[in-house]
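**Q** A single structure is presented below for examination.
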Amino acid sequence: MAESTVIFASCAGTHVGMRRETNEDAYLLDDELGLWVVADGMGGQAAGEIASQQAVETVHEMVRAALSGAPRPGHHRHLPLPLPSKNLSRVLESAVQGATYMVFGLAEQDRTKTGMGTTLSAMLRTPTGAILAQVGDSRIYRVRGSIAEQLTEDHTLINWQLQNGLITEEEAKTSRQKNVITRAVGNKDYVQVDILEVDVQPGDVYLLCSDGLHGYLQLAEIPEIVGRGGEEAIAAFIDLANSRGGKDNITVAIVKALGDAQVTSSSEVPTERGLD
């Protein structure tokens with residue numbers, strides 16, 4: 001299969017929300033490496049903030065180290081790395097496991113942080129598409145044309161109950177167990193990581209977000225907001241979550257697949273923006 005010439009541009013924002021005093025979310029944008037991550041930490045005494053930031057940094061460092069020996073083809077630094085998707089899946093999964101071990105180890109050294117952990121949703125570019133890694137209930141969506149699709153699966157008690165027919169969709173909306181996570185990075189020294197390979201087409205937009213956004217968001221609302229582009233879309237997502245309650249920290253990253261022609265002629269390449 002021929003290597004993809006699609007490259008990516010990204011932007012992101014995070015906000016503490018309307019009810020929280022601290023922001024325990026973290027995110028990473030690295031368009032050159034082709035890695036994007038959103039994490040939502042949990043735990044007392046600032047442990048959630050430590051867990052999410054440590055997890056994001058560890059994944060970034062391990063992926064970068066694993067790919068540092070692979071030269072980029074051609075003259076354009078943004079072209080995909082010439083490694084098969086199977087190997088890249090292992091790289092990303094190993095990086096998430098490394099983050100899990102690191103966060104768990106930090107909690108072992110400081111008993112006040114016992115049980116801290118974080119969700120983690122990551123996307124890594126491949127020569128023919130992208131690899132997704134998922135732990136917890138942050139999410140990755142894809143918008144293709146006018147259709148939005150949730151690509152990742154929530155690792156929550158409610159989702160497990162729904163899948164096994166124990167509750168209905170209506171019961172799930174009012175359940176008191178909405179925030180019960182069944183998998184997290186760092187609360188144990190190992191975690192099962194969902195790995196998914198997806199195709200990418202020029203024009204696709206990928207939305208990575210914490211539950212502080214998707215808990216208020218309807219799937220049908222995503223394409224129109226994403227279509228506003230860059231910083232305007234980031235601000236609109238954060239404003240929407242806050243206007244509907246803002247009970248949690250809100251983090252959103254938008255990753256757009258661009259064709260070569262768009263990169264050389266367009267001035268619309270979004271940039272990173274913090275909205276605290």
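If you're wondering about the labels, chains in the structure tokens are A, B, ... by order shown, residues count from 1 in each chain, ligands from 1 in order shown.
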List the spatial neighbours of range 195-199 of chain A as a VMD selection string - criterion: any atom at most 8 Å away, only C-alpha atoms, same-chain residues fewer than 2 positions off excluded.
**A** chain A and resid 85 89 93 128 to 134 193 201
**Q** Any chance you can output those residues with C-alpha atoms as a short mmCIF file (atom, residue, chain, number, x, y, z; two decimals), in the first residue's frame?
**A**
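Result written to part27.cif:
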```
data_model
loop_
_atom_site.label_atom_id
_atom_site.label_comp_id
_atom_site.auth_asym_id
_atom_site.auth_seq_id
_atom_site.Cartn_x
_atom_site.Cartn_y
_atom_site.Cartn_z
CA SER A 85 1.27 0.05 11.29
CA SER A 89 0.62 -0.12 17.30
CA GLU A 93 0.61 0.48 23.37
CA THR A 128 -1.52 4.72 5.85
CA GLY A 129 -3.79 6.22 8.53
CA ALA A 130 -3.70 6.44 12.30
CA ILE A 131 -3.50 4.29 15.42
CA LEU A 132 -5.74 5.07 18.40
CA ALA A 133 -5.06 4.04 21.99
CA GLN A 134 -7.83 4.18 24.58
CA VAL A 193 -5.26 -0.81 26.28
CA GLN A 201 -8.77 10.76 4.31
#
```
**Q** Could you tell me, as JSON, numbers by chain, which residues of range 143-264 of chain A DSSP assigns to strand (DSSP E or B) when given the backbone?
**A** {"A": [143, 144, 147, 148, 149, 150, 156, 181, 185, 194, 195, 196, 197, 198, 199, 205, 206, 207, 208, 209, 250, 251, 252, 253, 254, 255, 256, 257, 258]}
**Q** Using only C-alpha atoms, determine which residues lie at most 12 Å from Ala26 in chain A, disregarding the query and same-chain residues fewer than 2 positions distant; provide the list as number ranges by chain.
**A** A: 12-16, 22-24, 28-29, 36-42, 48-57, 118-122, 138, 208-210, 249-253, 274
**Q** Pick from A:Arg142, A:Arg183, A:Lys86, A:Lys188: nearest to Gly115 in chain A, with only C-alpha atoms counted?
**A** A:Lys188
**Q** Determine, counting only C-alpha atoms, which protein, DNA and RNA residues have an atom within 9 Å of an atom of Ala235 in chain A; residues of the same chain fewer than 4 positions away are not included. Present the result as an MDAnalysis selection string.
**A** chainID A and resid 13 230:231 239:240 275
